[in-house]
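model_10.csv (CSV, C-alpha atoms)
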```csv
chain,number,residue,atom,x,y,z
A,27,MET,CA,116.1,50.5,64.2
A,28,SER,CA,112.4,50.5,63.3
A,29,PHE,CA,110.7,53.8,62.3
A,30,PHE,CA,108.6,53.5,65.5
A,31,ARG,CA,111.7,53.4,67.7
A,32,LEU,CA,113.3,56.1,65.7
A,33,HIS,CA,110.2,58.3,66.3
A,34,TYR,CA,110.4,57.6,70.1
A,35,PHE,CA,114.1,58.3,70.1
A,36,LEU,CA,113.7,61.6,68.2
A,37,GLY,CA,110.9,62.7,70.6
A,38,TRP,CA,113.0,62.1,73.6
A,39,ALA,CA,116.1,63.7,72.1
A,40,LEU,CA,114.0,66.8,71.2
A,41,ALA,CA,112.4,67.0,74.7
A,42,LEU,CA,115.8,66.8,76.4
A,43,ALA,CA,117.2,69.4,73.9
A,44,THR,CA,114.4,71.7,75.1
A,45,LEU,CA,115.8,71.4,78.6
A,46,GLY,CA,119.3,72.3,77.2
A,47,LEU,CA,117.9,75.3,75.4
A,48,MET,CA,116.1,76.4,78.6
A,49,ALA,CA,119.3,76.1,80.6
A,50,PHE,CA,121.8,77.5,78.1
A,51,TYR,CA,120.1,79.5,75.4
A,52,ALA,CA,116.9,81.2,76.7
A,53,PRO,CA,117.4,84.1,79.1
A,54,LEU,CA,117.5,82.6,82.6
A,55,GLU,CA,115.4,85.4,84.1
A,56,GLU,CA,112.3,87.3,83.0
A,57,LYS,CA,111.9,90.9,84.0
A,58,THR,CA,108.8,90.4,86.2
A,59,LEU,CA,108.6,86.6,86.8
A,60,GLY,CA,112.3,85.9,87.3
A,61,LYS,CA,113.4,82.3,86.8
A,62,SER,CA,109.9,80.9,87.3
A,63,TYR,CA,109.0,82.0,83.7
A,64,LEU,CA,111.1,79.0,82.5
A,65,ILE,CA,108.1,76.8,83.3
A,66,PHE,CA,106.5,78.3,80.3
A,67,PHE,CA,108.7,76.3,78.0
A,68,TYR,CA,107.1,73.0,79.0
A,69,HIS,CA,103.8,74.3,80.3
A,70,PHE,CA,102.8,75.8,76.9
A,71,PRO,CA,103.8,72.7,74.8
A,72,SER,CA,101.9,70.4,77.1
A,73,ALA,CA,98.8,72.7,77.0
A,74,ILE,CA,98.8,73.0,73.2
A,75,SER,CA,99.4,69.2,72.8
A,76,CYS,CA,96.6,68.3,75.1
A,77,LEU,CA,94.2,70.6,73.2
A,78,LEU,CA,95.3,69.2,69.9
A,79,PHE,CA,95.0,65.5,71.0
A,80,PHE,CA,91.5,66.1,72.5
A,81,ALA,CA,90.5,67.8,69.3
A,82,LEU,CA,91.8,64.9,67.3
A,83,ALA,CA,89.8,62.6,69.6
A,84,GLY,CA,86.7,64.6,68.9
A,85,VAL,CA,87.2,64.4,65.1
A,86,LEU,CA,87.9,60.6,65.3
A,87,SER,CA,84.8,60.2,67.4
A,88,VAL,CA,82.7,61.8,64.7
A,89,VAL,CA,84.4,59.6,62.1
A,90,HIS,CA,83.5,56.5,64.2
A,91,LEU,CA,79.9,57.7,64.6
A,92,ALA,CA,79.6,58.4,60.9
A,93,GLY,CA,81.1,55.2,59.5
A,94,GLY,CA,81.5,52.8,62.5
A,95,SER,CA,85.3,52.6,61.9
A,96,ALA,CA,86.9,50.5,64.6
A,97,GLU,CA,90.3,52.0,63.8
A,98,ALA,CA,88.9,55.5,64.3
A,99,ASP,CA,87.6,54.4,67.8
A,100,ARG,CA,91.0,53.0,68.7
A,101,GLN,CA,92.8,56.2,67.6
A,102,ALA,CA,90.3,58.4,69.5
A,103,LEU,CA,90.9,56.4,72.7
A,104,ALA,CA,94.7,56.7,72.2
A,105,ALA,CA,94.3,60.5,71.6
A,106,VAL,CA,92.3,60.9,74.8
A,107,GLU,CA,95.0,58.9,76.8
A,108,VAL,CA,97.8,61.1,75.4
A,109,GLY,CA,95.7,64.3,75.8
A,110,LEU,CA,95.0,63.5,79.4
A,111,LEU,CA,98.7,63.0,80.1
A,112,GLY,CA,99.4,66.4,78.6
A,113,CYS,CA,96.5,67.9,80.5
A,114,THR,CA,97.9,66.5,83.8
A,115,ILE,CA,101.3,68.0,83.1
A,116,THR,CA,99.7,71.3,82.2
A,117,LEU,CA,97.8,71.5,85.4
A,118,ALA,CA,100.7,70.4,87.6
A,119,THR,CA,103.2,72.8,86.0
A,120,GLY,CA,100.6,75.5,85.9
A,121,SER,CA,100.0,75.2,89.6
A,122,LEU,CA,103.7,75.5,90.3
A,123,TRP,CA,104.0,78.6,88.1
A,124,ALA,CA,100.9,80.1,89.7
A,125,LYS,CA,102.6,79.8,93.1
A,126,ALA,CA,105.6,81.7,91.8
A,127,ALA,CA,103.7,84.3,89.8
A,128,TRP,CA,100.5,84.8,91.7
A,129,GLY,CA,101.4,83.5,95.1
A,130,GLU,CA,98.8,80.7,95.1
A,131,PHE,CA,98.8,77.2,93.6
A,132,TRP,CA,95.2,77.6,92.4
A,133,VAL,CA,93.0,80.6,91.6
A,134,TRP,CA,89.3,79.4,91.7
A,135,ASN,CA,87.9,82.4,89.7
A,136,ASP,CA,90.3,82.1,86.8
A,137,PRO,CA,88.3,80.9,83.8
A,138,ARG,CA,91.3,79.3,82.1
A,139,LEU,CA,92.2,77.2,85.1
A,140,LEU,CA,88.6,76.2,85.7
A,141,THR,CA,87.9,75.2,82.1
A,142,VAL,CA,91.1,73.1,81.9
A,143,ALA,CA,90.2,71.4,85.2
A,144,VAL,CA,86.7,70.6,83.9
A,145,MET,CA,88.3,69.3,80.7
A,146,TRP,CA,90.6,67.0,82.7
A,147,PHE,CA,87.7,65.6,84.7
A,148,THR,CA,85.6,65.2,81.5
A,149,TYR,CA,88.2,63.1,79.7
A,150,LEU,CA,88.9,61.1,82.9
A,151,GLY,CA,85.1,60.4,82.7
A,152,TYR,CA,85.6,59.2,79.1
A,153,LEU,CA,88.1,56.6,80.2
A,154,LEU,CA,86.0,55.5,83.2
A,155,LEU,CA,82.9,55.2,80.9
A,156,ARG,CA,84.8,53.0,78.5
A,157,GLY,CA,86.1,50.9,81.3
A,158,ALA,CA,82.6,50.3,82.6
A,159,VAL,CA,81.0,49.0,79.4
A,160,ASP,CA,81.6,45.3,78.5
A,161,SER,CA,80.4,45.1,75.0
A,162,PRO,CA,83.1,46.4,72.5
A,163,ALA,CA,80.6,47.8,70.1
A,164,GLN,CA,78.6,49.6,72.8
A,165,ARG,CA,81.9,50.8,74.4
A,166,ALA,CA,83.0,52.3,71.0
A,167,ARG,CA,79.7,54.0,70.4
A,168,TYR,CA,79.3,55.4,73.9
A,169,GLY,CA,83.0,56.6,73.7
A,170,ALA,CA,82.4,58.3,70.4
A,171,VAL,CA,79.3,60.1,71.6
A,172,PHE,CA,81.1,61.2,74.8
A,173,GLY,CA,84.2,62.2,72.8
A,174,THR,CA,82.1,64.3,70.4
A,175,ILE,CA,80.3,66.1,73.2
A,176,ALA,CA,83.5,66.5,75.3
A,177,ALA,CA,85.2,68.3,72.4
A,178,VAL,CA,82.8,71.3,73.0
A,179,ASN,CA,85.0,72.1,75.9
A,180,ILE,CA,88.1,72.7,73.7
A,181,PRO,CA,87.0,76.1,72.2
A,182,LEU,CA,85.7,77.0,75.7
A,183,VAL,CA,89.2,76.5,77.1
A,184,TRP,CA,90.8,78.4,74.1
A,185,TYR,CA,88.5,81.3,74.3
A,186,SER,CA,87.8,81.2,78.1
A,187,ILE,CA,89.6,84.5,78.8
A,188,ARG,CA,87.9,86.3,75.9
A,189,LEU,CA,84.5,84.8,77.0
A,190,PHE,CA,84.7,85.1,80.7
A,191,GLY,CA,87.2,87.8,81.3
A,192,LYS,CA,90.8,88.0,82.4
A,193,VAL,CA,91.5,87.1,86.0
A,194,SER,CA,95.0,85.8,86.3
A,195,HIS,CA,95.9,84.3,83.0
A,196,PRO,CA,96.9,87.0,80.4
A,197,MET,CA,94.9,87.3,77.2
A,198,ASN,CA,98.0,86.6,75.1
A,199,VAL,CA,101.7,86.3,75.8
A,200,GLU,CA,104.4,88.1,73.9
A,201,LEU,CA,108.0,87.0,74.1
A,202,ASP,CA,111.5,88.2,73.5
A,203,PRO,CA,112.9,86.7,70.3
A,204,ARG,CA,115.1,84.1,72.0
A,205,MET,CA,112.3,83.1,74.3
A,206,ARG,CA,110.0,82.7,71.3
A,207,GLU,CA,112.5,80.4,69.6
A,208,VAL,CA,112.7,78.1,72.6
A,209,GLN,CA,108.9,78.2,72.9
A,210,TRP,CA,108.3,76.9,69.4
A,211,PHE,CA,111.1,74.4,69.6
A,212,GLY,CA,109.6,73.1,72.8
A,213,LEU,CA,106.2,72.8,71.2
A,214,MET,CA,107.6,70.9,68.2
A,215,ALA,CA,109.6,68.6,70.6
A,216,PHE,CA,106.7,67.7,72.7
A,217,LEU,CA,104.4,67.2,69.8
A,218,VAL,CA,106.8,64.7,68.3
A,219,LEU,CA,107.1,62.9,71.6
A,220,TYR,CA,103.3,62.9,72.2
A,221,ALA,CA,102.8,61.7,68.6
A,222,ALA,CA,105.1,58.7,69.4
A,223,PHE,CA,103.0,58.0,72.5
A,224,TRP,CA,99.8,58.2,70.5
A,225,ARG,CA,101.1,55.6,68.0
A,226,SER,CA,102.1,53.4,70.8
A,227,ARG,CA,98.7,53.6,72.4
A,228,VAL,CA,97.0,52.9,69.1
A,229,ARG,CA,99.2,49.8,68.7
A,230,VAL,CA,98.1,48.6,72.2
A,231,ALA,CA,94.4,49.1,71.3
A,232,ARG,CA,94.8,47.2,68.0
A,233,LEU,CA,96.6,44.3,69.8
A,234,LYS,CA,93.9,44.2,72.5
A,235,ASP,CA,91.1,44.1,69.9
A,236,GLU,CA,92.9,41.4,68.0
A,237,THR,CA,93.3,39.4,71.2
A,238,ARG,CA,89.7,39.7,72.0
A,239,ARG,CA,88.7,38.5,68.5
A,240,LEU,CA,90.9,35.4,68.8
A,241,GLU,CA,89.5,34.7,72.3
A,242,GLU,CA,86.0,34.8,70.8
A,243,THR,CA,87.1,32.5,68.0
A,244,LEU,CA,88.5,30.0,70.5
A,245,ALA,CA,85.4,30.2,72.7
A,246,LEU,CA,83.2,29.4,69.6
A,247,ARG,CA,85.4,26.4,68.9
A,248,GLY,CA,84.9,25.3,72.5
A,249,THR,CA,88.6,25.1,73.4
B,26,MET,CA,99.5,88.6,92.2
B,27,ILE,CA,102.5,89.8,90.3
B,28,TRP,CA,101.4,89.0,86.8
B,29,LYS,CA,98.0,90.5,87.5
B,30,SER,CA,99.6,93.8,88.1
B,31,LEU,CA,100.9,93.9,84.5
B,32,SER,CA,98.7,95.6,81.9
B,33,GLY,CA,99.7,92.9,79.4
B,34,ALA,CA,101.8,89.8,79.5
B,35,LEU,CA,105.1,90.6,77.9
B,36,LEU,CA,107.9,88.4,78.8
B,37,GLN,CA,111.2,90.2,78.6
B,38,GLU,CA,114.8,89.4,79.6
B,39,THR,CA,115.9,91.0,82.9
B,40,LEU,CA,118.1,94.1,82.5
B,41,PRO,CA,121.4,94.1,84.3
B,42,GLY,CA,121.1,95.2,87.9
B,43,GLU,CA,117.3,95.0,87.8
B,44,PRO,CA,116.0,92.2,90.1
B,45,PRO,CA,112.7,90.5,89.1
B,46,LEU,CA,109.7,90.8,91.4
B,47,ALA,CA,108.9,87.1,91.6
B,48,PRO,CA,110.7,84.8,94.0
B,49,ASP,CA,113.7,82.7,92.8
B,50,PHE,CA,112.1,79.5,91.6
B,51,ARG,CA,115.1,78.2,89.7
B,52,TRP,CA,115.4,74.7,91.3
B,53,GLN,CA,111.7,74.2,91.4
B,54,VAL,CA,111.5,75.0,87.7
B,55,PHE,CA,114.1,72.3,86.8
B,56,ALA,CA,112.7,69.9,89.4
B,57,ALA,CA,109.3,70.3,87.8
B,58,TYR,CA,110.8,69.7,84.4
B,59,GLY,CA,112.4,66.5,85.7
B,60,ALA,CA,109.1,65.4,87.2
B,61,ALA,CA,107.3,66.0,83.9
B,62,ILE,CA,110.0,64.1,82.0
B,63,LEU,CA,109.8,61.3,84.6
B,64,LEU,CA,106.0,61.1,84.1
B,65,LEU,CA,106.4,60.9,80.4
B,66,PHE,CA,109.1,58.3,80.7
B,67,LEU,CA,106.9,56.2,83.0
B,68,PHE,CA,104.0,56.5,80.5
B,69,SER,CA,106.2,55.3,77.7
B,70,LEU,CA,107.4,52.4,79.8
B,71,TRP,CA,103.8,51.5,80.8
B,72,SER,CA,102.8,51.6,77.1
B,73,ALA,CA,105.7,49.5,75.9
B,74,ALA,CA,105.0,46.9,78.7
B,75,GLN,CA,101.4,46.8,77.5
B,76,VAL,CA,102.5,46.3,73.9
B,77,ARG,CA,104.8,43.4,74.9
B,78,ALA,CA,102.1,41.8,77.1
B,79,ALA,CA,99.5,42.0,74.4
B,80,GLU,CA,101.9,40.6,71.8
B,81,ARG,CA,102.8,37.7,74.0
B,82,LYS,CA,99.1,36.9,74.6
B,83,LEU,CA,98.3,37.2,70.9
B,84,ASP,CA,101.1,34.7,70.1
B,85,ARG,CA,99.8,32.3,72.7
B,86,LEU,CA,96.3,32.5,71.2
B,87,LEU,CA,97.5,32.1,67.7
B,88,GLU,CA,99.4,28.9,68.8
B,89,ARG,CA,96.2,27.6,70.4
B,90,ILE,CA,94.2,28.3,67.2
B,91,ASP,CA,96.8,26.6,65.1
B,92,ARG,CA,96.7,23.5,67.4
B,93,THR,CA,92.9,23.4,67.4
B,94,GLY,CA,92.7,24.0,63.7
B,95,LYS,CA,94.7,20.8,62.9
```
Just dump the structure as C-alpha coordinates.
Amino acid sequence: MSFFRLHYFLGWALALATLGLMAFYAPLEEKTLGKSYLIFFYHFPSAISCLLFFALAGVLSVVHLAGGSAEADRQALAAVEVGLLGCTITLATGSLWAKAAWGEFWVWNDPRLLTVAVMWFTYLGYLLLRGAVDSPAQRARYGAVFGTIAAVNIPLVWYSIRLFGKVSHPMNVELDPRMREVQWFGLMAFLVLYAAFWRSRVRVARLKDETRRLEETLALRGT
Amino acid sequence: MIWKSLSGALLQETLPGEPPLAPDFRWQVFAAYGAAILLLFLFSLWSAAQVRAAERKLDRLLERIDRTGK
(Lines of atoms letter the chains of each structure in order from A and count residues from 1; the text may use other names and numbers.)
(Lines give C-alpha, C1' and ligand atoms only; values in the text may rest on other atoms or scores of the structure.)
Protein backbone atom coordinates (compact mmCIF):
# COMPACT_ATOMS: atom_id res chain seq x y z
CA MET A 1 0.00 0.00 0.00
CA SER A 2 1.44 3.39 -0.99
CA PHE A 3 1.94 6.10 1.63
CA PHE A 4 -0.78 8.16 -0.06
CA ARG A 5 -3.34 5.36 0.24
CA LEU A 6 -2.27 4.70 3.79
CA HIS A 7 -2.85 8.37 4.58
CA TYR A 8 -6.38 8.18 3.12
CA PHE A 9 -7.11 4.95 4.97
CA LEU A 10 -5.87 6.41 8.26
CA GLY A 11 -7.99 9.54 7.78
CA TRP A 12 -11.14 7.54 7.15
CA ALA A 13 -10.44 5.17 10.04
CA LEU A 14 -9.97 8.10 12.43
CA ALA A 15 -13.11 9.89 11.18
CA LEU A 16 -15.17 6.76 11.73
CA ALA A 17 -13.52 6.23 15.12
CA THR A 18 -14.76 9.71 16.06
CA LEU A 19 -18.28 8.51 15.32
CA GLY A 20 -17.65 5.53 17.60
CA LEU A 21 -16.37 7.78 20.39
CA MET A 22 -19.43 10.02 19.98
CA ALA A 23 -21.75 7.06 20.27
CA PHE A 24 -20.00 5.02 22.97
CA TYR A 25 -17.53 7.19 24.89
CA ALA A 26 -18.71 10.81 25.05
CA PRO A 27 -21.72 11.56 27.28
CA LEU A 28 -24.80 11.16 25.10
CA GLU A 29 -26.52 14.19 26.59
CA GLU A 30 -25.45 17.65 27.59
CA LYS A 31 -27.08 19.43 30.51
CA THR A 32 -28.67 22.21 28.45
CA LEU A 33 -28.44 21.18 24.80
CA GLY A 34 -29.31 17.51 25.21
CA LYS A 35 -28.17 15.15 22.45
CA SER A 36 -27.86 17.94 19.90
CA TYR A 37 -24.52 18.89 21.47
CA LEU A 38 -22.98 15.82 19.75
CA ILE A 39 -22.92 17.88 16.53
CA PHE A 40 -20.09 19.80 18.16
CA PHE A 41 -17.75 16.84 17.62
CA TYR A 42 -17.77 17.26 13.84
CA HIS A 43 -18.85 20.89 13.59
CA PHE A 44 -15.76 22.07 15.50
CA PRO A 45 -13.16 19.99 13.54
CA SER A 46 -14.66 21.11 10.22
CA ALA A 47 -14.60 24.76 11.30
CA ILE A 48 -11.00 24.66 12.50
CA SER A 49 -9.89 22.68 9.42
CA CYS A 50 -11.48 25.17 7.06
CA LEU A 51 -9.80 28.11 8.81
CA LEU A 52 -6.42 26.34 8.76
CA PHE A 53 -6.68 25.46 5.06
CA PHE A 54 -7.80 28.96 4.10
CA ALA A 55 -4.89 30.36 6.12
CA LEU A 56 -2.56 27.93 4.32
CA ALA A 57 -3.98 29.14 1.00
CA GLY A 58 -3.23 32.73 2.07
CA VAL A 59 0.39 31.91 2.96
CA LEU A 60 0.91 29.97 -0.30
CA SER A 61 -0.63 32.83 -2.28
CA VAL A 62 1.93 35.21 -0.76
CA VAL A 63 4.69 32.69 -1.58
CA HIS A 64 3.49 32.59 -5.20
CA LEU A 65 3.33 36.38 -5.42
CA ALA A 66 6.84 36.68 -3.94
CA GLY A 67 8.61 34.07 -6.06
CA GLY A 68 6.22 32.99 -8.82
CA SER A 69 6.27 29.37 -7.65
CA ALA A 70 3.82 27.29 -9.70
CA GLU A 71 3.82 24.61 -6.99
CA ALA A 72 2.74 27.19 -4.38
CA ASP A 73 -0.14 28.18 -6.65
CA ARG A 74 -1.25 24.58 -7.07
CA GLN A 75 -1.06 23.99 -3.32
CA ALA A 76 -3.01 27.19 -2.64
CA LEU A 77 -5.76 26.11 -5.04
CA ALA A 78 -5.94 22.69 -3.35
CA ALA A 79 -6.09 24.33 0.09
CA VAL A 80 -9.02 26.52 -1.01
CA GLU A 81 -10.89 23.50 -2.41
CA VAL A 82 -10.45 21.54 0.82
CA GLY A 83 -11.18 24.61 2.97
CA LEU A 84 -14.39 25.21 1.07
CA LEU A 85 -15.44 21.63 1.68
CA GLY A 86 -14.83 22.08 5.42
CA CYS A 87 -16.64 25.42 5.39
CA THR A 88 -19.68 23.86 3.68
CA ILE A 89 -19.85 21.14 6.34
CA THR A 90 -19.40 23.74 9.08
CA LEU A 91 -22.31 25.84 7.78
CA ALA A 92 -24.59 22.84 7.24
CA THR A 93 -23.94 21.21 10.61
CA GLY A 94 -24.00 24.61 12.33
CA SER A 95 -27.45 25.30 10.92
CA LEU A 96 -28.76 21.99 12.22
CA TRP A 97 -27.28 22.67 15.64
CA ALA A 98 -28.68 26.20 15.61
CA LYS A 99 -32.15 24.74 15.03
CA ALA A 100 -31.74 22.54 18.09
CA ALA A 101 -30.07 25.11 20.34
CA TRP A 102 -31.60 28.41 19.26
CA GLY A 103 -34.79 27.26 17.54
CA GLU A 104 -33.75 28.72 14.17
CA PHE A 105 -31.61 27.43 11.32
CA TRP A 106 -29.98 30.82 10.79
CA VAL A 107 -29.55 33.91 12.97
CA TRP A 108 -28.82 36.89 10.74
CA ASN A 109 -27.35 39.17 13.39
CA ASP A 110 -24.83 36.65 14.69
CA PRO A 111 -21.35 37.91 13.71
CA ARG A 112 -19.78 34.44 13.65
CA LEU A 113 -22.41 33.06 11.28
CA LEU A 114 -22.24 36.07 9.00
CA THR A 115 -18.45 36.19 8.77
CA VAL A 116 -18.30 32.46 7.99
CA ALA A 117 -20.98 32.86 5.30
CA VAL A 118 -19.01 35.76 3.79
CA MET A 119 -15.88 33.60 3.88
CA TRP A 120 -17.70 30.77 2.06
CA PHE A 121 -18.85 33.11 -0.72
CA THR A 122 -15.40 34.74 -0.92
CA TYR A 123 -13.63 31.44 -1.55
CA LEU A 124 -16.33 30.30 -3.94
CA GLY A 125 -15.51 33.54 -5.79
CA TYR A 126 -11.82 32.50 -5.77
CA LEU A 127 -12.67 29.27 -7.62
CA LEU A 128 -15.01 31.06 -10.03
CA LEU A 129 -12.37 33.66 -10.79
CA ARG A 130 -9.79 30.99 -11.55
CA GLY A 131 -12.27 29.20 -13.79
CA ALA A 132 -12.92 32.39 -15.75
CA VAL A 133 -9.27 33.17 -16.67
CA ASP A 134 -7.74 31.27 -19.62
CA SER A 135 -4.06 32.14 -19.32
CA PRO A 136 -2.39 29.89 -16.69
CA ALA A 137 0.07 32.59 -15.60
CA GLN A 138 -2.65 35.20 -15.21
CA ARG A 139 -4.91 32.69 -13.46
CA ALA A 140 -2.19 31.93 -10.93
CA ARG A 141 -1.43 35.63 -10.35
CA TYR A 142 -5.09 36.67 -9.98
CA GLY A 143 -5.68 33.68 -7.72
CA ALA A 144 -2.71 34.62 -5.54
CA VAL A 145 -3.88 38.23 -5.18
CA PHE A 146 -7.43 37.08 -4.40
CA GLY A 147 -6.16 34.42 -1.98
CA THR A 148 -4.02 36.96 -0.13
CA ILE A 149 -6.84 39.49 0.23
CA ALA A 150 -9.41 36.81 1.14
CA ALA A 151 -7.19 35.65 4.02
CA VAL A 152 -8.04 38.92 5.82
CA ASN A 153 -11.41 37.33 6.56
CA ILE A 154 -9.84 34.55 8.68
CA PRO A 155 -8.97 36.70 11.74
CA LEU A 156 -12.34 38.41 11.30
CA VAL A 157 -14.07 35.04 11.69
CA TRP A 158 -11.86 34.04 14.62
CA TYR A 159 -12.31 37.29 16.52
CA SER A 160 -15.83 38.08 15.28
CA ILE A 161 -17.45 37.61 18.68
CA ARG A 162 -14.82 39.71 20.44
CA LEU A 163 -15.03 42.41 17.75
CA PHE A 164 -18.75 42.57 17.08
CA GLY A 165 -20.23 41.18 20.28
CA LYS A 166 -21.86 37.93 21.30
CA VAL A 167 -25.31 37.26 19.86
CA SER A 168 -25.82 33.51 19.69
CA HIS A 169 -22.39 31.91 19.50
CA PRO A 170 -20.62 31.77 22.87
CA MET A 171 -17.29 33.53 23.36
CA ASN A 172 -15.62 30.25 24.22
CA VAL A 173 -16.78 26.75 25.01
CA GLU A 174 -15.65 24.77 28.02
CA LEU A 175 -16.14 21.04 28.10
CA ASP A 176 -16.29 18.17 30.52
CA PRO A 177 -13.09 16.06 30.37
CA ARG A 178 -14.54 13.19 28.30
CA MET A 179 -16.13 15.65 25.87
CA ARG A 180 -12.80 17.46 25.54
CA GLU A 181 -11.00 14.22 24.70
CA VAL A 182 -13.48 13.44 21.89
CA GLN A 183 -13.27 17.05 20.68
CA TRP A 184 -9.48 16.93 20.20
CA PHE A 185 -9.56 13.39 18.81
CA GLY A 186 -12.17 14.53 16.28
CA LEU A 187 -10.06 17.53 15.30
CA MET A 188 -6.99 15.35 14.78
CA ALA A 189 -9.04 12.83 12.77
CA PHE A 190 -10.55 15.41 10.44
CA LEU A 191 -7.22 17.18 9.97
CA VAL A 192 -5.60 13.91 8.88
CA LEU A 193 -8.48 13.25 6.46
CA TYR A 194 -8.50 16.80 5.06
CA ALA A 195 -4.72 16.66 4.66
CA ALA A 196 -5.18 13.52 2.52
CA PHE A 197 -7.76 15.38 0.42
CA TRP A 198 -5.36 18.29 0.06
CA ARG A 199 -2.57 16.02 -1.20
CA SER A 200 -4.99 14.45 -3.65
CA ARG A 201 -6.06 17.87 -4.99
CA VAL A 202 -2.43 19.00 -5.32
CA ARG A 203 -1.79 15.85 -7.35
CA VAL A 204 -4.74 16.64 -9.63
CA ALA A 205 -3.46 20.20 -10.15
CA ARG A 206 0.07 18.92 -10.96
CA LEU A 207 -1.26 16.40 -13.47
CA LYS A 208 -3.44 19.03 -15.14
CA ASP A 209 -0.50 21.43 -15.47
CA GLU A 210 1.68 18.68 -16.90
CA THR A 211 -1.08 17.75 -19.37
CA ARG A 212 -1.41 21.36 -20.48
CA ARG A 213 2.36 21.62 -20.96
CA LEU A 214 2.40 18.50 -23.15
CA GLU A 215 -0.56 19.74 -25.17
CA GLU A 216 1.30 22.96 -25.84
CA THR A 217 4.38 20.98 -26.91
CA LEU A 218 2.28 18.94 -29.34
CA ALA A 219 0.60 22.06 -30.69
CA LEU A 220 4.03 23.60 -31.36
CA ARG A 221 5.05 20.46 -33.27
CA GLY A 222 1.85 20.80 -35.29
CA THR A 223 0.49 17.33 -34.48
CA MET B 1 -32.71 30.66 22.25
CA ILE B 2 -31.65 28.14 24.84
CA TRP B 3 -27.93 28.71 24.60
CA LYS B 4 -28.33 32.47 24.66
CA SER B 5 -29.90 32.15 28.08
CA LEU B 6 -26.62 30.76 29.43
CA SER B 7 -24.18 33.21 30.91
CA GLY B 8 -21.29 31.19 29.47
CA ALA B 9 -21.07 28.15 27.26
CA LEU B 10 -20.14 25.28 29.53
CA LEU B 11 -21.00 21.87 28.15
CA GLN B 12 -21.67 19.41 30.97
CA GLU B 13 -22.98 15.89 31.17
CA THR B 14 -26.65 15.62 32.14
CA LEU B 15 -27.21 14.63 35.74
CA PRO B 16 -29.49 11.64 36.37
CA GLY B 17 -33.15 12.58 36.45
CA GLU B 18 -32.48 16.03 35.02
CA PRO B 19 -33.88 16.35 31.48
CA PRO B 20 -32.12 18.81 29.11
CA LEU B 21 -33.90 21.91 27.83
CA ALA B 22 -33.18 21.28 24.13
CA PRO B 23 -35.32 18.97 21.99
CA ASP B 24 -34.16 15.41 21.40
CA PHE B 25 -32.09 15.63 18.22
CA ARG B 26 -30.42 12.26 18.48
CA TRP B 27 -31.28 10.84 15.05
CA GLN B 28 -30.69 14.19 13.35
CA VAL B 29 -27.22 14.34 14.91
CA PHE B 30 -26.21 10.96 13.55
CA ALA B 31 -27.96 11.56 10.21
CA ALA B 32 -26.01 14.82 9.85
CA TYR B 33 -22.78 12.97 10.66
CA GLY B 34 -23.69 10.42 8.00
CA ALA B 35 -24.39 13.22 5.50
CA ALA B 36 -21.07 14.92 6.32
CA ILE B 37 -19.18 11.64 5.90
CA LEU B 38 -21.05 10.97 2.64
CA LEU B 39 -20.06 14.41 1.34
CA LEU B 40 -16.43 13.76 2.27
CA PHE B 41 -16.60 10.33 0.62
CA LEU B 42 -18.04 11.79 -2.59
CA PHE B 43 -15.32 14.44 -2.56
CA SER B 44 -12.63 11.79 -2.29
CA LEU B 45 -14.23 9.73 -5.08
CA TRP B 46 -14.43 12.81 -7.31
CA SER B 47 -10.80 13.65 -6.60
CA ALA B 48 -9.64 10.08 -7.25
CA ALA B 49 -11.60 10.03 -10.54
CA GLN B 50 -9.93 13.28 -11.58
CA VAL B 51 -6.48 11.85 -10.78
CA ARG B 52 -7.21 8.75 -12.86
CA ALA B 53 -8.60 10.76 -15.80
CA ALA B 54 -5.63 13.15 -15.75
CA GLU B 55 -3.15 10.26 -15.57
CA ARG B 56 -4.79 8.53 -18.55
CA LYS B 57 -4.73 11.76 -20.56
CA LEU B 58 -1.10 12.31 -19.64
CA ASP B 59 -0.19 8.78 -20.77
CA ARG B 60 -1.94 9.32 -24.12
CA LEU B 61 -0.11 12.60 -24.65
CA LEU B 62 3.25 11.06 -23.78
CA GLU B 63 2.60 8.28 -26.30
CA ARG B 64 1.79 10.86 -28.98
CA ILE B 65 4.94 12.80 -28.15
CA ASP B 66 7.00 9.60 -28.38
CA ARG B 67 5.49 8.81 -31.78
CA THR B 68 6.02 12.31 -33.18
CA GLY B 69 9.54 12.46 -31.76
CA LYS B 70 10.69 9.40 -33.72
Exercise for review: May I ask you to extract the residues of chain A within 7 Å of chain B, using all atoms listed in the file, and to give them as a ChimeraX atom specification?
Suggested key: /A:53,55-62,64-65,115,119,126-129,194,196,198-202,223,226-227,230,233-234,237,240,244
Check your understanding: In Å to one decimal, how far is CA of Leu110 (chain A) from CA of Val144 (chain A)?
Key ->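 These atoms are spaced 11.8 Å apart.
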Check your understanding: Nearest to Val142 (chain A): which of A:Val89, A:Ile175, A:Ile74, A:Leu103 is it, counting all atoms listed in the file?
Key ->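 Of all the options, A:Ile74 lies closest to Val142 (chain A).
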Give me the residues within 6 Å of Tyr34 (chain A) as an mmCIF file with C-alpha atoms, in the coordinates of the input, counting all atoms listed in the file and dropping any in the same chain fewer than 3 places off.
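Just written: selection-v2.cif:
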```
data_model
loop_
_atom_site.group_PDB
_atom_site.id
_atom_site.type_symbol
_atom_site.label_atom_id
_atom_site.label_comp_id
_atom_site.auth_asym_id
_atom_site.auth_seq_id
_atom_site.Cartn_x
_atom_site.Cartn_y
_atom_site.Cartn_z
ATOM 1 C CA ARG A 31 111.700 53.400 67.700
ATOM 2 C CA GLY A 37 110.900 62.700 70.600
ATOM 3 C CA ALA A 222 105.100 58.700 69.400
#
```
